[in-house]
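Undergrad: Dropping a structure here in structure tokens format, bear with me for questions.
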Amino acid sequence: MINLRDKGASAWAGWNKPQRSIFAVLAIAAAALLPFAGNFSFTSILNTPISSYADVLVYPVGMFVLMALGLNIVVGKSGMLDLGYVAFFAIGAYTMAILGTHTSLNTWEILPIGIAFAMIAGVLLGIPSLRLRGDYLAIVTLGFGEIVRIIALNTMKIGGPNGIANIPNPPSVFGIDFNIMTPNSFYWLVLVLILLTIWMIRRLSVRRPGRAWEAIRQDEDAAELMGVRTLRYKIWSFVLGAGVGGAAGVVYASKAIYISPDAFTFNISVLILSCVVFGGIGNIWGVVLGGVFLAYLPERIRFISNARQLVFGLTLIIIMNFRPDGILPRKKREKPLKSQEKSGAANV
């Protein structure tokens, strides 16, 4: 049976740097033109029945991809299970809502503040909890996610169950307007954040943090015995993932202009984790594909009302049975024995 993934990987490995650069530019250009895909008759099938296609590209598709990439740093790179990732999303969104409605700061000024607050929350959660492993860590992070939501629900100074309304949109940049009537602008903003996140992950993966995360994921005890400061690098991954979630929250709040605690339930954390597992844990492009699929499918079949959850669940079960490691699983290292046999054959 032909393995298309392996053929694609070998073809990519055979390209030189200019060819890869050209392909990357074309892929980014195609992604940037996606909002216009629903305007043509031969692509009208892409249009969603209730929300506009351009709005769906921003949320949930773009936001899910961005948050899945952030969660992949924690789950895919470091091998830690985080069930409360929605908390960082909520912290970024409430930072935007509170500062945007009570100060003169605009979205671009609030964005780094929201990221910083989410990263601080990651440190505060990570230092005491990352000494735990497996199910215990998952339970702690799940509790943290619920704590953040319940605090927002019961704190009347930040709207309580009524939430916060009249959140300002971002000001224009380079003549590009950001308001509820221009979803394409928000999509391009989210696309820029996704590209920056991918660039950050790829840069770190080939440096000391990436090697440390790989060692921790494979065997944390062995990594610690080899001198890897496991707690430090686990906090690094947690904080970076939190920062990406905070950035997504700021953009979401400025696009939605209204937020409430109901938008930050445990279900969001499960869906984001599903994007990572479904696409392929640890594989950037698999996570992107998983995020697009799991965010877009429920919106596309929304016309069948409650039955769409059944279709969604059946789709997950069927695909995960055929691809248990995800659509695009992490590339496995070749066995040392094979490499030794090849080198031995070359020396003969």
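Going through the structure tokens in order, the chains are called A, B, and so on, while each chain numbers its residues from 1 and the ligands are numbered from 1 in the order shown.
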Report as a PDB file with C-alpha atoms, in the first residue's frame all protein, DNA and RNA residues lying within 10 Å of stretch 273-284 of chain A, evaluated on only C-alpha atoms, omitting residues in the same chain fewer than 4 positions from it.
TA:
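See selection_34.pdb below for the written result:
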ATOM      1  CA  PHE A  64      -9.264  26.715  16.726  1.00  0.00           C
ATOM      2  CA  VAL A  65      -6.173  26.340  14.546  1.00  0.00           C
ATOM      3  CA  MET A  67      -5.263  27.574  19.904  1.00  0.00           C
ATOM      4  CA  ALA A  68      -4.547  24.016  18.743  1.00  0.00           C
ATOM      5  CA  LEU A  69      -1.030  25.103  17.760  1.00  0.00           C
ATOM      6  CA  GLY A  70      -0.588  26.616  21.219  1.00  0.00           C
ATOM      7  CA  LEU A  71      -1.876  23.499  22.950  1.00  0.00           C
ATOM      8  CA  ASN A  72       0.334  21.344  20.723  1.00  0.00           C
ATOM      9  CA  ILE A  73       3.381  22.919  22.378  1.00  0.00           C
ATOM     10  CA  VAL A  74       2.179  21.452  25.684  1.00  0.00           C
ATOM     11  CA  VAL A  75       0.639  18.171  24.543  1.00  0.00           C
ATOM     12  CA  GLY A  76       2.556  17.366  21.374  1.00  0.00           C
ATOM     13  CA  LYS A  77       6.020  18.685  22.151  1.00  0.00           C
ATOM     14  CA  SER A  78       6.264  18.086  25.911  1.00  0.00           C
ATOM     15  CA  GLY A  79       3.808  15.209  26.297  1.00  0.00           C
ATOM     16  CA  LEU A  81      -2.100  16.596  29.097  1.00  0.00           C
ATOM     17  CA  ASP A  82      -3.805  19.984  29.567  1.00  0.00           C
ATOM     18  CA  LEU A  83      -7.610  19.925  29.926  1.00  0.00           C
ATOM     19  CA  GLY A  84      -7.981  23.553  31.001  1.00  0.00           C
ATOM     20  CA  TYR A  85      -6.521  25.376  28.007  1.00  0.00           C
ATOM     21  CA  ILE A 198       4.307  28.179  13.477  1.00  0.00           C
ATOM     22  CA  ILE A 201       7.453  26.482  17.184  1.00  0.00           C
ATOM     23  CA  ARG A 202       9.744  25.527  14.304  1.00  0.00           C
ATOM     24  CA  GLU A 214      11.406  15.835  23.006  1.00  0.00           C
ATOM     25  CA  ASN A 267     -16.178  21.853  25.865  1.00  0.00           C
ATOM     26  CA  ILE A 268     -13.815  24.318  24.167  1.00  0.00           C
ATOM     27  CA  SER A 269     -10.803  22.705  25.858  1.00  0.00           C
ATOM     28  CA  VAL A 288      -3.583  22.738  11.446  1.00  0.00           C
ATOM     29  CA  LEU A 289      -5.523  20.242   9.341  1.00  0.00           C
ATOM     30  CA  GLY A 290      -7.261  18.813  12.409  1.00  0.00           C
ATOM     31  CA  GLY A 291      -8.253  22.293  13.585  1.00  0.00           C
ATOM     32  CA  VAL A 292      -9.694  23.215  10.179  1.00  0.00           C
ATOM     33  CA  PHE A 293     -11.678  19.980   9.905  1.00  0.00           C
ATOM     34  CA  LEU A 294     -13.103  19.862  13.436  1.00  0.00           C
ATOM     35  CA  ALA A 295     -13.989  23.556  13.441  1.00  0.00           C
ATOM     36  CA  LEU A 316     -14.374  11.161  14.570  1.00  0.00           C
ATOM     37  CA  ILE A 319     -11.456   8.375  10.987  1.00  0.00           C
ATOM     38  CA  MET A 320      -9.641   7.651  14.265  1.00  0.00           C
ATOM     39  CA  ARG A 323      -5.855   6.711  11.464  1.00  0.00           C
ATOM     40  CA  PRO A 324      -5.301   6.096  15.203  1.00  0.00           C
ATOM     41  CA  ASP A 325      -2.197   8.334  15.237  1.00  0.00           C
ATOM     42  CA  GLY A 326      -4.044  11.201  13.579  1.00  0.00           C
ATOM     43  CA  ILE A 327      -4.430  12.338   9.984  1.00  0.00           C
ATOM     44  CA  LEU A 328      -0.781  13.414   9.766  1.00  0.00           C
ATOM     45  CA  PRO A 329       1.056  11.696  12.627  1.00  0.00           C
ATOM     46  CA  ARG A 330       4.441  12.746  13.901  1.00  0.00           C
ATOM     47  CA  LYS A 331       7.235  11.374  11.721  1.00  0.00           C
TER      48      LYS A 331
END
Undergrad: Would you write out, as JSON lines, a table of all residues in stretch 189-279 of chain A that have an atom no more than 10 Å from an atom of stretch 144-147 of chain A, listing for each the closest atom pair and the distance in Å to one decimal, considering only C-alpha atoms and ordering rows by chain and rising residue number?
TA:
{"residue": "A:Phe264", "atom": "CA", "partner": "A:Gly145", "partner_atom": "CA", "distance": 8.6}
{"residue": "A:Thr265", "atom": "CA", "partner": "A:Glu146", "partner_atom": "CA", "distance": 7.6}
{"residue": "A:Phe266", "atom": "CA", "partner": "A:Glu146", "partner_atom": "CA", "distance": 7.1}
{"residue": "A:Ser269", "atom": "CA", "partner": "A:Gly145", "partner_atom": "CA", "distance": 8.5}
Undergrad: By how many Å are atom CA of A:Thr95 and atom CA of A:Pro298 apart?
TA: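 If I compute the distance from atom CA of A:Thr95 to atom CA of A:Pro298, I get 28.7 Å.
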Undergrad: Give me the residues within 10 Å of A:Thr230 as a list of chain:residue names, counting only C-alpha atoms and dropping any in the same chain fewer than 4 places off.
TA: A:Ser78, A:Leu130, A:Arg131, A:Ala212, A:Trp213, A:Ala215, A:Ile216, A:Glu220, A:Asp221, A:Ala223, A:Glu224, A:Leu225, A:Lys234, A:Ile235, A:Trp236
Undergrad: List the spatial neighbours of stretch 187-189 of chain A as a list in words - criterion: any atom at most 10 Å away, only C-alpha atoms, same-chain residues fewer than 5 positions off excluded.
TA: Ala31, Ala32, Leu33, Leu34, Pro35, Ala54, Asp55, Val56, Leu57, Val58, Tyr59, Val61, Gly62, Met63, Phe178, Thr182, Ile194 and Val251 of chain A
Undergrad: Using Å and a single decimal, report how far atom CA of A:Phe88 sits from atom CA of A:Ala152.
TA: 12.8 Å
Undergrad: Contacts of stretch 115-117 of chain A at 9 Å or less, counting only C-alpha atoms, minus same-chain residues fewer than 3 places along, as a ChimeraX atom specification?
TA: /A:88,91-92,95,110-112,120-122,242-250
Undergrad: If you keep N, CA, C and O atoms, can you produce a file of those selected residues as a short mmCIF file (atom, residue, chain, number, x, y, z; two decimals), in the first residue's frame?
TA:
data_model
loop_
_atom_site.label_atom_id
_atom_site.label_comp_id
_atom_site.auth_asym_id
_atom_site.auth_seq_id
_atom_site.Cartn_x
_atom_site.Cartn_y
_atom_site.Cartn_z
N PHE A 88 -6.77 30.14 29.46
CA PHE A 88 -5.89 31.16 28.90
C PHE A 88 -6.61 31.95 27.81
O PHE A 88 -6.40 33.16 27.65
N ILE A 91 -8.73 34.37 29.73
CA ILE A 91 -7.94 35.46 30.33
C ILE A 91 -7.61 36.52 29.29
O ILE A 91 -7.73 37.73 29.53
N GLY A 92 -7.22 36.09 28.09
CA GLY A 92 -6.95 37.05 27.02
C GLY A 92 -8.20 37.82 26.63
O GLY A 92 -8.14 39.05 26.42
N THR A 95 -9.17 40.28 29.40
CA THR A 95 -8.22 41.41 29.42
C THR A 95 -8.60 42.43 28.37
O THR A 95 -8.62 43.64 28.63
N ILE A 110 -3.47 46.42 23.78
CA ILE A 110 -3.94 45.44 24.77
C ILE A 110 -3.41 44.04 24.43
O ILE A 110 -3.23 43.21 25.34
N LEU A 111 -3.15 43.78 23.15
CA LEU A 111 -2.71 42.44 22.74
C LEU A 111 -1.50 41.94 23.52
O LEU A 111 -1.54 40.83 24.08
N PRO A 112 -0.40 42.70 23.62
CA PRO A 112 0.73 42.18 24.42
C PRO A 112 0.40 42.06 25.90
O PRO A 112 0.95 41.18 26.59
N ILE A 120 1.57 34.84 32.58
CA ILE A 120 1.71 34.87 34.04
C ILE A 120 0.83 33.80 34.68
O ILE A 120 1.24 33.10 35.62
N ALA A 121 -0.41 33.66 34.16
CA ALA A 121 -1.29 32.61 34.67
C ALA A 121 -0.69 31.23 34.42
O ALA A 121 -0.80 30.33 35.26
N GLY A 122 0.00 31.07 33.28
CA GLY A 122 0.66 29.81 33.00
C GLY A 122 1.77 29.50 33.99
O GLY A 122 1.94 28.36 34.42
N ALA A 242 0.26 29.07 26.76
CA ALA A 242 -0.69 30.01 27.37
C ALA A 242 -0.69 31.34 26.64
O ALA A 242 -1.75 31.95 26.43
N GLY A 243 0.49 31.81 26.23
CA GLY A 243 0.58 33.07 25.50
C GLY A 243 -0.18 33.03 24.19
O GLY A 243 -0.87 34.00 23.82
N VAL A 244 -0.10 31.91 23.48
CA VAL A 244 -0.84 31.77 22.22
C VAL A 244 -2.35 31.80 22.49
O VAL A 244 -3.11 32.45 21.77
N GLY A 245 -2.78 31.10 23.55
CA GLY A 245 -4.19 31.13 23.92
C GLY A 245 -4.66 32.52 24.30
O GLY A 245 -5.78 32.93 23.95
N GLY A 246 -3.82 33.27 25.01
CA GLY A 246 -4.16 34.64 25.39
C GLY A 246 -4.31 35.54 24.18
O GLY A 246 -5.23 36.37 24.11
N ALA A 247 -3.42 35.39 23.19
CA ALA A 247 -3.51 36.18 21.96
C ALA A 247 -4.82 35.88 21.23
O ALA A 247 -5.50 36.79 20.74
N ALA A 248 -5.19 34.60 21.17
CA ALA A 248 -6.45 34.22 20.53
C ALA A 248 -7.64 34.84 21.25
O ALA A 248 -8.60 35.30 20.62
N GLY A 249 -7.58 34.89 22.58
CA GLY A 249 -8.67 35.48 23.35
C GLY A 249 -8.83 36.96 23.10
O GLY A 249 -9.96 37.46 22.98
N VAL A 250 -7.73 37.69 23.00
CA VAL A 250 -7.80 39.13 22.72
C VAL A 250 -8.46 39.39 21.38
O VAL A 250 -9.36 40.24 21.25
#
Undergrad: Apply DSSP to the structure's backbone, then extract all residues of stretch 86-309 of chain A labelled strand (DSSP E or B) and return them as a count of residues only.
TA: 6
Undergrad: Taking the DSSP secondary structure from the backbone, can you list the residues of stretch 14-215 of chain A that are helix (DSSP H, G or I), as a ChimeraX atom specification?
TA: /A:14,17-32,34-39,41-46,53-77,86-102,107-129,134-154,156-158,160-162,183-205,208-215
